[in-house]
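For reference, query19.cif (mmCIF, C-alpha atoms):
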data_model
loop_
_atom_site.label_atom_id
_atom_site.label_comp_id
_atom_site.auth_asym_id
_atom_site.auth_seq_id
_atom_site.Cartn_x
_atom_site.Cartn_y
_atom_site.Cartn_z
CA MET A 5 38.34 -45.96 -27.47
CA SER A 6 36.88 -42.98 -25.70
CA GLU A 7 38.97 -41.07 -23.21
CA LEU A 8 38.11 -41.26 -19.53
CA THR A 9 37.20 -38.00 -17.91
CA ASN A 10 39.34 -36.89 -15.03
CA PRO A 11 36.95 -36.38 -12.10
CA VAL A 12 39.23 -33.73 -10.56
CA GLN A 13 39.32 -31.67 -13.72
CA ALA A 14 35.63 -31.98 -14.55
CA SER A 15 33.75 -31.36 -11.33
CA PRO A 16 30.02 -30.94 -11.71
CA PRO A 17 28.66 -27.40 -11.82
CA HIS A 18 27.70 -25.85 -8.51
CA VAL A 19 24.02 -26.08 -7.77
CA PRO A 20 23.05 -23.86 -4.87
CA GLU A 21 21.25 -25.61 -2.10
CA ALA A 22 17.60 -24.79 -1.71
CA PRO A 23 17.28 -22.56 1.32
CA THR A 24 15.57 -23.95 4.35
CA PHE A 25 12.79 -21.99 5.97
CA ASP A 26 12.70 -21.63 9.72
CA PRO A 27 9.01 -21.51 10.74
CA ARG A 28 9.82 -19.22 13.67
CA THR A 29 11.67 -16.76 11.44
CA SER A 30 8.84 -16.87 8.90
CA ARG A 31 6.28 -16.08 11.60
CA ARG A 32 8.39 -13.19 12.86
CA ALA A 33 8.65 -11.81 9.34
CA VAL A 34 4.88 -11.94 8.90
CA ALA A 35 4.24 -10.36 12.32
CA SER A 36 6.79 -7.62 11.68
CA GLY A 37 5.50 -6.95 8.19
CA THR A 38 1.84 -6.88 9.18
CA PHE A 39 2.45 -4.55 12.12
CA GLY A 40 4.64 -2.25 10.04
CA THR A 41 2.06 -2.19 7.25
CA ALA A 42 -0.67 -1.38 9.76
CA LEU A 43 1.37 1.50 11.18
CA GLU A 44 2.09 2.92 7.73
CA TRP A 45 -1.49 2.68 6.50
CA PHE A 46 -3.03 3.86 9.76
CA ASP A 47 -1.36 7.23 9.29
CA PHE A 48 -2.26 7.32 5.61
CA ALA A 49 -5.88 6.38 6.36
CA VAL A 50 -6.26 9.03 9.04
CA TYR A 51 -4.78 11.67 6.78
CA GLY A 52 -6.94 10.60 3.82
CA THR A 53 -10.12 10.88 5.87
CA LEU A 54 -9.19 14.21 7.48
CA SER A 55 -8.14 15.68 4.14
CA ALA A 56 -11.74 15.21 3.02
CA THR A 57 -13.35 16.66 6.15
CA LEU A 58 -11.33 18.84 8.56
CA PHE A 59 -8.10 19.88 6.87
CA PRO A 60 -9.69 22.18 4.24
CA GLN A 61 -10.80 24.65 6.92
CA LEU A 62 -7.89 23.97 9.30
CA PHE A 63 -5.05 24.58 6.85
CA PHE A 64 -6.75 26.42 3.95
CA PRO A 65 -9.35 28.72 5.55
CA SER A 66 -8.60 31.64 3.23
CA PHE A 67 -9.95 29.70 0.22
CA ASP A 68 -13.59 29.21 -0.66
CA THR A 69 -15.04 25.79 0.20
CA ASN A 70 -14.47 24.13 -3.18
CA THR A 71 -10.92 25.45 -3.59
CA ALA A 72 -10.04 24.44 -0.02
CA ILE A 73 -11.13 20.86 -0.72
CA LEU A 74 -9.02 20.78 -3.90
CA ALA A 75 -6.02 22.19 -2.01
CA SER A 76 -6.44 19.64 0.79
CA PHE A 77 -6.58 16.76 -1.69
CA ALA A 78 -3.49 18.20 -3.40
CA THR A 79 -1.52 17.90 -0.14
CA PHE A 80 -2.80 14.35 0.12
CA GLY A 81 -1.36 13.76 -3.35
CA ALA A 82 2.06 15.03 -2.23
CA GLY A 83 2.55 11.81 -0.28
CA MET A 84 1.63 9.79 -3.34
CA VAL A 85 4.05 11.75 -5.55
CA ALA A 86 6.87 10.97 -3.11
CA ARG A 87 6.16 7.24 -3.05
CA PRO A 88 7.84 6.36 -6.39
CA MET A 89 10.90 8.36 -5.34
CA GLY A 90 11.06 6.44 -2.07
CA GLY A 91 10.39 3.20 -3.90
CA ILE A 92 13.30 3.79 -6.28
CA PHE A 93 15.68 4.98 -3.58
CA PHE A 94 14.93 2.34 -0.96
CA GLY A 95 14.30 -0.37 -3.55
CA ALA A 96 17.76 0.06 -5.08
CA LEU A 97 19.27 0.17 -1.60
CA GLY A 98 17.36 -2.91 -0.51
CA ASP A 99 18.47 -4.88 -3.56
CA LYS A 100 22.07 -3.90 -2.79
CA ILE A 101 22.46 -4.15 1.00
CA GLY A 102 19.46 -6.24 1.98
CA ARG A 103 15.81 -5.88 2.89
CA ARG A 104 15.94 -5.83 6.71
CA ASN A 105 18.13 -2.80 7.42
CA VAL A 106 16.38 -0.63 4.86
CA LEU A 107 12.99 -1.49 6.33
CA MET A 108 14.11 -0.46 9.81
CA PHE A 109 14.84 3.04 8.51
CA THR A 110 11.60 3.39 6.50
CA LEU A 111 9.56 2.42 9.56
CA MET A 112 11.24 5.06 11.72
CA LEU A 113 10.98 7.78 9.06
CA MET A 114 7.26 7.16 8.61
CA GLY A 115 6.60 7.16 12.34
CA VAL A 116 8.52 10.37 13.05
CA SER A 117 6.82 12.18 10.14
CA SER A 118 3.40 11.20 11.42
CA VAL A 119 4.10 12.39 14.95
CA LEU A 120 5.30 15.75 13.62
CA ILE A 121 2.05 16.15 11.64
CA GLY A 122 0.22 15.72 14.93
CA LEU A 123 2.21 18.63 16.37
CA LEU A 124 1.62 21.06 13.49
CA PRO A 125 0.00 24.43 14.17
CA GLY A 126 -3.00 25.40 12.07
CA TYR A 127 -3.24 28.23 9.56
CA ALA A 128 -4.75 30.52 12.19
CA THR A 129 -1.55 30.22 14.24
CA ALA A 130 1.26 29.91 11.70
CA GLY A 131 -0.18 31.26 8.46
CA LEU A 132 1.30 29.87 5.25
CA LEU A 133 3.97 28.04 7.23
CA ALA A 134 1.33 25.55 8.42
CA PRO A 135 0.29 24.15 4.99
CA THR A 136 3.93 24.34 3.83
CA LEU A 137 5.09 22.10 6.69
CA LEU A 138 2.10 19.84 6.12
CA VAL A 139 3.13 19.28 2.50
CA LEU A 140 6.75 18.63 3.54
CA LEU A 141 5.79 16.04 6.16
CA ARG A 142 3.34 14.41 3.78
CA PHE A 143 6.18 14.13 1.29
CA LEU A 144 8.39 12.41 3.88
CA GLN A 145 5.54 10.07 4.81
CA GLY A 146 5.09 9.07 1.19
CA PHE A 147 8.84 8.74 0.64
CA ALA A 148 9.06 6.28 3.53
CA LEU A 149 5.97 4.36 2.51
CA GLY A 150 7.31 3.98 -1.02
CA GLY A 151 10.16 1.87 0.36
CA GLU A 152 8.22 0.22 3.17
CA ALA A 153 5.10 -1.06 1.42
CA SER A 154 6.82 -3.07 -1.30
CA GLY A 155 9.95 -3.91 0.71
CA VAL A 156 8.03 -5.59 3.47
CA GLN A 157 6.16 -7.65 0.89
CA VAL A 158 9.44 -8.90 -0.55
CA LEU A 159 10.75 -9.62 2.95
CA VAL A 160 7.71 -11.70 3.88
CA VAL A 161 7.38 -13.57 0.59
CA GLU A 162 11.09 -14.43 0.51
CA HIS A 163 10.83 -15.79 4.05
CA ALA A 164 7.76 -17.88 3.19
CA PRO A 165 7.78 -21.56 2.14
CA THR A 166 6.93 -21.98 -1.55
CA ALA A 167 3.49 -23.51 -0.93
CA HIS A 168 2.43 -20.67 1.37
CA ARG A 169 3.71 -17.51 -0.30
CA GLY A 170 0.21 -16.39 -1.14
CA LEU A 171 -1.07 -17.07 2.37
CA TYR A 172 1.80 -15.16 3.97
CA GLY A 173 1.25 -12.28 1.56
CA GLY A 174 -2.46 -12.36 2.37
CA ILE A 175 -1.81 -12.13 6.11
CA LEU A 176 0.52 -9.23 5.44
CA ALA A 177 -2.17 -7.50 3.38
CA THR A 178 -4.52 -7.47 6.38
CA GLY A 179 -2.33 -4.69 7.79
CA SER A 180 -4.04 -2.19 5.50
CA PRO A 181 -7.71 -2.95 6.37
CA LEU A 182 -6.75 -3.40 10.02
CA ALA A 183 -5.23 0.06 9.91
CA GLN A 184 -8.31 1.42 8.16
CA THR A 185 -10.50 -0.18 10.81
CA PHE A 186 -8.40 1.16 13.67
CA ALA A 187 -8.36 4.60 12.04
CA SER A 188 -12.13 4.55 11.63
CA ILE A 189 -12.64 3.45 15.27
CA THR A 190 -10.34 6.21 16.47
CA LEU A 191 -11.92 8.95 14.36
CA THR A 192 -15.46 7.76 15.04
CA GLY A 193 -14.83 7.71 18.80
CA LEU A 194 -13.26 11.16 18.76
CA ALA A 195 -16.07 12.58 16.62
CA MET A 196 -18.73 11.09 18.92
CA PHE A 197 -17.26 12.07 22.28
CA LEU A 198 -15.72 15.44 21.47
CA SER A 199 -17.42 18.61 20.43
CA LYS A 200 -16.72 19.84 16.92
CA GLU A 201 -14.60 22.62 18.40
CA ASP A 202 -12.47 20.24 20.49
CA PHE A 203 -12.07 17.82 17.59
CA ALA A 204 -10.89 20.65 15.31
CA SER A 205 -8.62 22.04 18.04
CA TRP A 206 -6.81 18.96 19.35
CA GLY A 207 -8.82 15.77 18.79
CA TRP A 208 -7.56 15.24 15.25
CA ARG A 209 -3.97 15.20 16.55
CA VAL A 210 -4.49 12.13 18.74
CA PRO A 211 -4.20 9.48 15.95
CA PHE A 212 -0.94 10.97 14.67
CA LEU A 213 0.60 11.25 18.14
CA MET A 214 -0.28 7.60 18.81
CA GLY A 215 2.43 6.85 16.27
CA VAL A 216 5.04 7.10 19.05
CA LEU A 217 3.78 3.95 20.77
CA LEU A 218 3.19 2.11 17.50
CA LEU A 219 6.69 3.01 16.31
CA VAL A 220 8.37 1.67 19.45
CA VAL A 221 6.51 -1.65 19.20
CA GLY A 222 7.18 -1.91 15.47
CA VAL A 223 10.94 -1.38 15.82
CA PHE A 224 11.10 -3.94 18.65
CA ILE A 225 9.42 -6.59 16.48
CA ARG A 226 11.38 -5.83 13.33
CA ARG A 227 14.78 -6.01 15.05
CA ARG A 228 14.18 -9.74 15.57
CA VAL A 229 13.71 -10.50 11.86
CA GLU A 230 16.68 -11.87 9.90
CA GLU A 231 17.68 -11.14 6.33
CA THR A 232 15.83 -13.26 3.76
CA PRO A 233 17.21 -16.60 2.43
CA ALA A 234 16.68 -15.50 -1.18
CA PHE A 235 18.79 -12.35 -0.75
CA LYS A 236 21.57 -14.26 1.07
CA GLU A 237 21.63 -16.87 -1.69
CA SER A 238 21.73 -14.19 -4.37
CA GLN A 239 24.72 -12.56 -2.66
CA LYS A 240 26.53 -15.91 -2.40
CA LYS A 241 25.94 -16.71 -6.06
CA ALA A 242 27.18 -13.29 -7.15
CA ALA A 243 30.32 -13.63 -5.02
CA ALA A 244 31.05 -17.20 -6.14
CA SER A 245 30.69 -16.42 -9.84
CA ALA A 246 32.43 -13.03 -9.67
CA ILE A 247 29.42 -11.49 -11.42
CA PRO A 248 29.02 -7.84 -10.46
CA GLN A 249 25.86 -6.95 -8.63
CA GLU A 250 23.04 -5.49 -10.68
CA ARG A 251 23.25 -1.74 -10.91
CA ALA A 252 20.50 0.36 -9.39
CA LEU A 253 17.40 0.54 -11.59
CA ALA A 254 18.65 -2.33 -13.78
CA VAL A 255 15.06 -3.57 -13.73
CA ILE A 256 14.01 -0.61 -15.89
CA VAL A 257 16.56 -1.57 -18.55
CA LYS A 258 16.20 -5.36 -18.36
CA LYS A 259 12.52 -5.77 -17.46
CA PRO A 260 10.71 -2.63 -18.71
CA GLY A 261 7.74 -4.57 -20.05
CA THR A 262 7.27 -6.42 -16.78
CA VAL A 263 7.40 -3.21 -14.76
CA ILE A 264 4.81 -1.53 -17.00
CA LYS A 265 2.48 -4.52 -16.75
CA LEU A 266 2.84 -4.59 -12.96
CA VAL A 267 1.96 -0.90 -12.81
CA LEU A 268 -1.13 -1.41 -14.96
CA SER A 269 -2.19 -4.55 -13.10
CA TRP A 270 -2.42 -2.46 -9.91
CA ALA A 271 -4.16 0.53 -11.54
CA ALA A 272 -7.71 -0.44 -10.54
CA SER A 273 -6.86 -1.33 -6.94
CA ALA A 274 -4.92 1.92 -6.49
CA GLY A 275 -7.62 4.12 -8.01
CA LEU A 276 -10.72 2.45 -6.60
CA PHE A 277 -9.22 2.34 -3.10
CA TRP A 278 -9.00 6.12 -2.92
CA ILE A 279 -12.42 6.54 -4.53
CA SER A 280 -13.88 4.28 -1.85
CA VAL A 281 -12.13 5.53 1.29
CA THR A 282 -11.30 9.16 0.49
CA TYR A 283 -13.58 10.77 -2.07
CA ALA A 284 -16.60 8.72 -0.99
CA VAL A 285 -16.20 10.23 2.50
CA ASN A 286 -16.25 13.72 1.03
CA TYR A 287 -19.23 12.87 -1.18
CA LEU A 288 -21.26 11.34 1.67
CA THR A 289 -20.65 14.31 3.98
CA LYS A 290 -20.56 17.28 1.59
CA GLU A 291 -23.01 16.19 -1.10
CA LEU A 292 -25.39 13.86 0.72
CA GLY A 293 -25.28 15.49 4.15
CA TYR A 294 -24.25 12.55 6.33
CA ASP A 295 -22.71 13.41 9.70
CA ASN A 296 -18.99 12.69 10.12
CA SER A 297 -19.60 10.07 12.80
CA ILE A 298 -22.02 8.19 10.50
CA THR A 299 -19.58 8.30 7.59
CA PHE A 300 -16.67 7.11 9.75
CA GLY A 301 -18.91 4.31 11.02
CA LEU A 302 -19.65 3.23 7.45
CA LEU A 303 -15.95 2.96 6.66
CA LEU A 304 -15.40 1.11 9.91
CA MET A 305 -17.91 -1.59 9.01
CA ALA A 306 -16.68 -1.90 5.43
CA ASN A 307 -13.03 -2.23 6.45
CA LEU A 308 -13.80 -4.68 9.22
CA ILE A 309 -15.69 -6.97 6.86
CA SER A 310 -12.96 -6.75 4.20
CA ILE A 311 -10.13 -8.00 6.45
CA PRO A 312 -10.71 -11.76 5.87
CA ALA A 313 -10.78 -11.12 2.10
CA ALA A 314 -7.03 -10.43 2.10
CA VAL A 315 -6.22 -13.78 3.72
CA LEU A 316 -8.73 -15.52 1.47
CA GLY A 317 -7.13 -13.97 -1.61
CA GLY A 318 -3.64 -15.05 -0.60
CA ARG A 319 -4.69 -18.59 0.31
CA LEU A 320 -6.79 -18.96 -2.82
CA SER A 321 -3.85 -17.87 -4.96
CA ASP A 322 -1.78 -20.75 -3.51
CA ARG A 323 -4.47 -23.15 -4.68
CA ILE A 324 -5.68 -21.88 -8.06
CA GLY A 325 -2.89 -19.48 -9.06
CA ARG A 326 -2.19 -15.76 -8.79
CA LYS A 327 -3.79 -14.67 -12.06
CA LYS A 328 -7.18 -16.29 -11.45
CA THR A 329 -7.34 -14.80 -7.97
CA MET A 330 -6.35 -11.35 -9.21
CA LEU A 331 -9.08 -11.55 -11.86
CA LEU A 332 -11.63 -12.53 -9.20
CA GLY A 333 -10.76 -9.48 -7.13
CA LEU A 334 -10.86 -7.21 -10.19
CA THR A 335 -14.31 -8.51 -11.14
CA MET A 336 -15.59 -7.56 -7.68
CA GLN A 337 -14.03 -4.14 -8.08
CA GLY A 338 -15.67 -3.67 -11.47
CA LEU A 339 -19.13 -4.41 -10.08
CA ALA A 340 -18.54 -1.94 -7.25
CA ALA A 341 -17.18 0.79 -9.54
CA ALA A 342 -20.18 0.52 -11.86
CA THR A 343 -22.79 0.91 -9.10
CA MET A 344 -21.19 2.77 -6.16
CA PHE A 345 -22.41 6.33 -6.70
CA PRO A 346 -25.94 5.49 -7.88
CA ILE A 347 -26.35 3.32 -4.77
CA MET A 348 -25.01 6.02 -2.44
CA ASN A 349 -27.36 8.54 -4.06
CA SER A 350 -30.30 6.34 -3.10
CA MET A 351 -29.64 7.42 0.52
CA ASN A 352 -30.00 3.79 1.57
CA TYR A 353 -27.40 3.48 4.32
CA PRO A 354 -27.14 -0.37 4.43
CA ALA A 355 -26.81 -0.46 0.65
CA SER A 356 -24.06 2.17 0.81
CA VAL A 357 -22.22 0.08 3.40
CA ALA A 358 -22.61 -3.00 1.20
CA ILE A 359 -21.28 -1.41 -2.00
CA ILE A 360 -18.23 0.13 -0.34
CA THR A 361 -17.64 -3.23 1.38
CA LEU A 362 -17.75 -4.99 -1.99
CA ALA A 363 -15.19 -2.55 -3.38
CA LEU A 364 -12.85 -3.00 -0.41
CA CYS A 365 -13.25 -6.80 -0.43
CA GLY A 366 -12.31 -6.87 -4.11
CA ILE A 367 -9.29 -4.69 -3.41
CA GLN A 368 -8.23 -6.90 -0.50
CA VAL A 369 -8.50 -10.07 -2.59
CA THR A 370 -6.04 -8.56 -5.07
CA ALA A 371 -3.91 -7.17 -2.24
CA GLY A 372 -3.65 -10.62 -0.67
CA THR A 373 -2.37 -11.97 -3.98
CA GLN A 374 -0.22 -9.03 -5.04
CA ALA A 375 2.83 -9.59 -2.82
CA ALA A 376 3.53 -13.07 -4.22
CA PHE A 377 2.38 -12.12 -7.75
CA PHE A 378 4.81 -9.19 -8.00
CA SER A 379 7.71 -11.02 -6.32
CA GLU A 380 7.44 -14.02 -8.62
CA ALA A 381 7.48 -11.78 -11.68
CA LEU A 382 11.03 -10.54 -10.95
CA PRO A 383 14.47 -12.04 -10.16
CA THR A 384 15.94 -11.63 -6.68
CA SER A 385 18.55 -9.05 -7.66
CA MET A 386 15.92 -6.53 -8.82
CA ARG A 387 12.82 -7.71 -6.97
CA TYR A 388 12.65 -4.94 -4.35
CA THR A 389 13.10 -2.14 -6.90
CA GLY A 390 10.73 -3.66 -9.47
CA SER A 391 7.99 -4.36 -6.95
CA ALA A 392 8.32 -0.85 -5.55
CA LEU A 393 8.04 0.70 -9.00
CA GLY A 394 4.97 -1.39 -9.80
CA MET A 395 3.12 -0.37 -6.65
CA THR A 396 4.21 3.23 -6.29
CA LEU A 397 3.84 4.26 -9.93
CA ALA A 398 0.35 2.78 -9.97
CA GLY A 399 -0.44 4.80 -6.86
CA LEU A 400 1.03 7.97 -8.36
CA ILE A 401 -0.61 7.68 -11.79
CA PHE A 402 -3.93 6.07 -10.95
CA GLY A 403 -4.39 6.66 -7.22
CA ALA A 404 -3.07 10.05 -6.13
CA PRO A 405 -5.01 12.16 -8.69
CA ILE A 406 -8.35 10.44 -8.06
CA PRO A 407 -9.65 12.51 -5.09
CA PHE A 408 -8.60 15.76 -6.79
CA ILE A 409 -10.03 14.73 -10.19
CA ALA A 410 -13.26 13.51 -8.59
CA ALA A 411 -13.72 16.78 -6.69
CA TRP A 412 -13.07 18.81 -9.85
CA ILE A 413 -15.46 16.66 -11.92
CA PHE A 414 -18.33 17.09 -9.48
CA GLN A 415 -17.70 20.83 -9.22
CA ASN A 416 -17.45 21.48 -12.96
CA THR A 417 -19.59 18.95 -14.82
CA SER A 418 -23.28 18.24 -14.94
CA ASN A 419 -22.92 14.45 -14.70
CA GLY A 420 -20.05 13.76 -12.34
CA ILE A 421 -21.44 10.37 -11.33
CA LEU A 422 -21.25 9.03 -14.87
CA ALA A 423 -17.75 10.42 -15.41
CA LEU A 424 -16.33 8.94 -12.20
CA THR A 425 -18.08 5.63 -12.83
CA CYS A 426 -16.49 5.43 -16.29
CA ILE A 427 -13.06 6.15 -14.78
CA GLY A 428 -13.46 3.36 -12.22
CA VAL A 429 -14.68 0.79 -14.74
CA GLY A 430 -11.98 1.83 -17.21
CA LEU A 431 -9.25 1.23 -14.63
CA VAL A 432 -10.61 -2.25 -13.94
CA ILE A 433 -10.50 -3.11 -17.65
CA ILE A 434 -6.90 -1.87 -17.91
CA SER A 435 -5.84 -4.01 -14.94
CA ILE A 436 -7.58 -7.13 -16.26
CA ILE A 437 -5.71 -6.83 -19.58
CA ALA A 438 -2.38 -6.33 -17.77
CA VAL A 439 -2.90 -9.33 -15.45
CA LEU A 440 -3.76 -11.57 -18.41
CA SER A 441 -0.52 -10.52 -20.16
CA LEU A 442 1.75 -11.43 -17.21
CA PRO A 443 3.12 -14.98 -16.79
CA GLU A 444 1.95 -17.34 -14.06
CA ARG A 445 4.91 -18.43 -11.92
CA TYR A 446 3.38 -19.30 -8.57
CA LYS A 447 5.07 -22.73 -8.41
CA GLN A 448 8.48 -21.44 -9.47
CA SER A 449 11.35 -20.96 -7.02
CA LEU A 450 12.08 -17.38 -6.02
CA HIS A 451 15.78 -18.16 -6.33
CA SER A 452 15.71 -18.89 -10.07
CA GLU A 453 16.51 -16.02 -12.40
CA HIS A 454 14.09 -15.31 -15.22
#

The structure given in the file should be rewritten as structure tokens.
Amino acid sequence: MSELTNPVQASPPHVPEAPTFDPRTSRRAVASGTFGTALEWFDFAVYGTLSATLFPQLFFPSFDTNTAILASFATFGAGMVARPMGGIFFGALGDKIGRRNVLMFTLMLMGVSSVLIGLLPGYATAGLLAPTLLVLLRFLQGFALGGEASGVQVLVVEHAPTAHRGLYGGILATGSPLAQTFASITLTGLAMFLSKEDFASWGWRVPFLMGVLLLVVGVFIRRRVEETPAFKESQKKAAASAIPQERALAVIVKKPGTVIKLVLSWAASAGLFWISVTYAVNYLTKELGYDNSITFGLLLMANLISIPAAVLGGRLSDRIGRKKTMLLGLTMQGLAAATMFPIMNSMNYPASVAIITLALCGIQVTAGTQAAFFSEALPTSMRYTGSALGMTLAGLIFGAPIPFIAAWIFQNTSNGILALTCIGVGLVIISIIAVLSLPERYKQSLHSEH
């Protein structure tokens, strides 16, 4: 005769309750994340454009034209170099103490750094101190963005209902093209209504100083966002089971293959973005002779058209899966990379607008998918750090060097168009292979460890 089990002694294992999602909290998270993303990328977009046009003569006038452009792009790269450091630092902190508090600090650090850039004296006034301070503030900008960009994605996706993670991530991704659009409107307006002397003297400072207002609004919105259900549940589970919290950078030890694949999956989007919005500006103005206002207008139209692509990418990924949507966006990027410079060389302005729009739409389709795709690839306890490493290392390795490399190629080779086209297409191929090698988990709970 079998023994009866004592119900007191053999209680069933604890199964954590599925978190409930408050629609109001979810909407606040999306609003906060989108506004914060727009603030971060507005400053980056303004700097990227000015580094290709005004900053070479403003901060590096003692160099010849080509060297000044290389030096200006090098300062642009300083922000990209700092991003992985910020991603590691704030990612580890966010996985330990929570997403919300860390993101309040990154928002303020980015805003203050941007305002200080707007107050910098030029080389004519401060000598070498001017470019030195510029590099330092760019570093702080990048350090903050390294923690902000991926952290806000985790915050929004963890607040989102399972069936709408992609959509919420897509709405969040509109912050970047919205910022690009706003930056283009601002720079185009200043270039049109100010003389070249006034623009070089004080007009370029206006976008950076606007960061004060944007920062105040951003902090007000973000203070109303709660910590995410997934992080709270992870903390409860760790406390209940007496399992020590994951150590900082545990994702590198436990999930190195996943981190590498995430980095490579974002290689094309990181590289082609800066080809399209930074070096293309320099090429159109310096090589093809377009006026600054015309070039800024081109970017304005391209960014404006690309905004819905981010939402479309996120929503589509909820329906057909993250991988298929990522591959769609990468295919669009590949077509743009293969034809961008030959089309611009045709001096056909509408065609140039169209090809840069195609590139940005492809990037936004992947950006709308990326937040959910990266979050689902990692467990809660190392999600912030792993996502940050994936994004920031891709930006450092495949994004930051692009403007500098492109400028060097065109200055020192006889067929720079072919070389840069091969780089762009090669990055797309690398990202396609990486995406295909990652698992599809878009229907899996964010609370399950894997």

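Closest approach to Arg323 in chain A from the set A:Pro383, A:Pro233, A:Pro443, A:Gly170 is made by A:Gly170, with distances taken over all atoms listed in the file.
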
Target residues per the PyMOL selection byres ((chain A and resi 185) around 9), formatted as an mmCIF file with C-alpha atoms, keeping the file's coordinate frame:
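Resulting contents of part.cif:
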data_model
loop_
_atom_site.group_PDB
_atom_site.id
_atom_site.type_symbol
_atom_site.label_atom_id
_atom_site.label_comp_id
_atom_site.auth_asym_id
_atom_site.auth_seq_id
_atom_site.Cartn_x
_atom_site.Cartn_y
_atom_site.Cartn_z
ATOM 1 C CA PHE A 46 -3.030 3.860 9.760
ATOM 2 C CA SER A 180 -4.040 -2.190 5.500
ATOM 3 C CA PRO A 181 -7.710 -2.950 6.370
ATOM 4 C CA LEU A 182 -6.750 -3.400 10.020
ATOM 5 C CA ALA A 183 -5.230 0.060 9.910
ATOM 6 C CA GLN A 184 -8.310 1.420 8.160
ATOM 7 C CA PHE A 186 -8.400 1.160 13.670
ATOM 8 C CA ALA A 187 -8.360 4.600 12.040
ATOM 9 C CA SER A 188 -12.130 4.550 11.630
ATOM 10 C CA ILE A 189 -12.640 3.450 15.270
ATOM 11 C CA THR A 190 -10.340 6.210 16.470
ATOM 12 C CA LEU A 303 -15.950 2.960 6.660
ATOM 13 C CA LEU A 304 -15.400 1.110 9.910
ATOM 14 C CA MET A 305 -17.910 -1.590 9.010
ATOM 15 C CA ALA A 306 -16.680 -1.900 5.430
ATOM 16 C CA ASN A 307 -13.030 -2.230 6.450
ATOM 17 C CA LEU A 308 -13.800 -4.680 9.220
ATOM 18 C CA ILE A 311 -10.130 -8.000 6.450
#

Considering only C-alpha atoms, return as a PyMOL selection string whatever protein or nucleic-acid residues lie within 6 Å of Gly126 in chain A, sequence-local ones (same chain, fewer than 2 positions apart) excluded. chain A and resi 62-63+128-129+134

Show which residues sit within 10 Å of Leu320 in chain A, as a ChimeraX atom specification. Count only C-alpha atoms, and ignore same-chain residues fewer than 2 positions away. /A:170-171,174,314-318,322-326,328-330,369,372-373

Any chance you could resolve the PyMOL selection byres ((chain A and resi 195) around 10) against this file and give the residues as a PDB file with C-alpha atoms, in the coordinates of the input?
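Result went into expr_15.pdb, see below:
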ATOM      1  CA  ILE A 189     -12.640   3.450  15.270  1.00  0.00           C
ATOM      2  CA  THR A 190     -10.340   6.210  16.470  1.00  0.00           C
ATOM      3  CA  LEU A 191     -11.920   8.950  14.360  1.00  0.00           C
ATOM      4  CA  THR A 192     -15.460   7.760  15.040  1.00  0.00           C
ATOM      5  CA  GLY A 193     -14.830   7.710  18.800  1.00  0.00           C
ATOM      6  CA  LEU A 194     -13.260  11.160  18.760  1.00  0.00           C
ATOM      7  CA  MET A 196     -18.730  11.090  18.920  1.00  0.00           C
ATOM      8  CA  PHE A 197     -17.260  12.070  22.280  1.00  0.00           C
ATOM      9  CA  LEU A 198     -15.720  15.440  21.470  1.00  0.00           C
ATOM     10  CA  SER A 199     -17.420  18.610  20.430  1.00  0.00           C
ATOM     11  CA  LYS A 200     -16.720  19.840  16.920  1.00  0.00           C
ATOM     12  CA  ASP A 202     -12.470  20.240  20.490  1.00  0.00           C
ATOM     13  CA  PHE A 203     -12.070  17.820  17.590  1.00  0.00           C
ATOM     14  CA  ALA A 204     -10.890  20.650  15.310  1.00  0.00           C
ATOM     15  CA  GLY A 207      -8.820  15.770  18.790  1.00  0.00           C
ATOM     16  CA  TRP A 208      -7.560  15.240  15.250  1.00  0.00           C
ATOM     17  CA  ASP A 295     -22.710  13.410   9.700  1.00  0.00           C
ATOM     18  CA  ASN A 296     -18.990  12.690  10.120  1.00  0.00           C
ATOM     19  CA  SER A 297     -19.600  10.070  12.800  1.00  0.00           C
ATOM     20  CA  ILE A 298     -22.020   8.190  10.500  1.00  0.00           C
ATOM     21  CA  PHE A 300     -16.670   7.110   9.750  1.00  0.00           C
TER      22      PHE A 300
END

Can you pull out every residue within 10 Å of Lys259 in chain A, counting all atoms listed in the file, but drop anything in the same chain fewer than 3 positions away, and send it as an NGL selection string? :A and (253-256 or 262-264 or 381-383 or 386 or 390 or 454)

Please produce a file of the residues just selected, as a PDB file, in the coordinates of the input, where the atoms kept are C-alpha atoms.
ATOM      1  CA  LEU A 253      17.400   0.540 -11.590  1.00  0.00           C
ATOM      2  CA  ALA A 254      18.650  -2.330 -13.780  1.00  0.00           C
ATOM      3  CA  VAL A 255      15.060  -3.570 -13.730  1.00  0.00           C
ATOM      4  CA  ILE A 256      14.010  -0.610 -15.890  1.00  0.00           C
ATOM      5  CA  THR A 262       7.270  -6.420 -16.780  1.00  0.00           C
ATOM      6  CA  VAL A 263       7.400  -3.210 -14.760  1.00  0.00           C
ATOM      7  CA  ILE A 264       4.810  -1.530 -17.000  1.00  0.00           C
ATOM      8  CA  ALA A 381       7.480 -11.780 -11.680  1.00  0.00           C
ATOM      9  CA  LEU A 382      11.030 -10.540 -10.950  1.00  0.00           C
ATOM     10  CA  PRO A 383      14.470 -12.040 -10.160  1.00  0.00           C
ATOM     11  CA  MET A 386      15.920  -6.530  -8.820  1.00  0.00           C
ATOM     12  CA  GLY A 390      10.730  -3.660  -9.470  1.00  0.00           C
ATOM     13  CA  HIS A 454      14.090 -15.310 -15.220  1.00  0.00           C
TER      14      HIS A 454
END
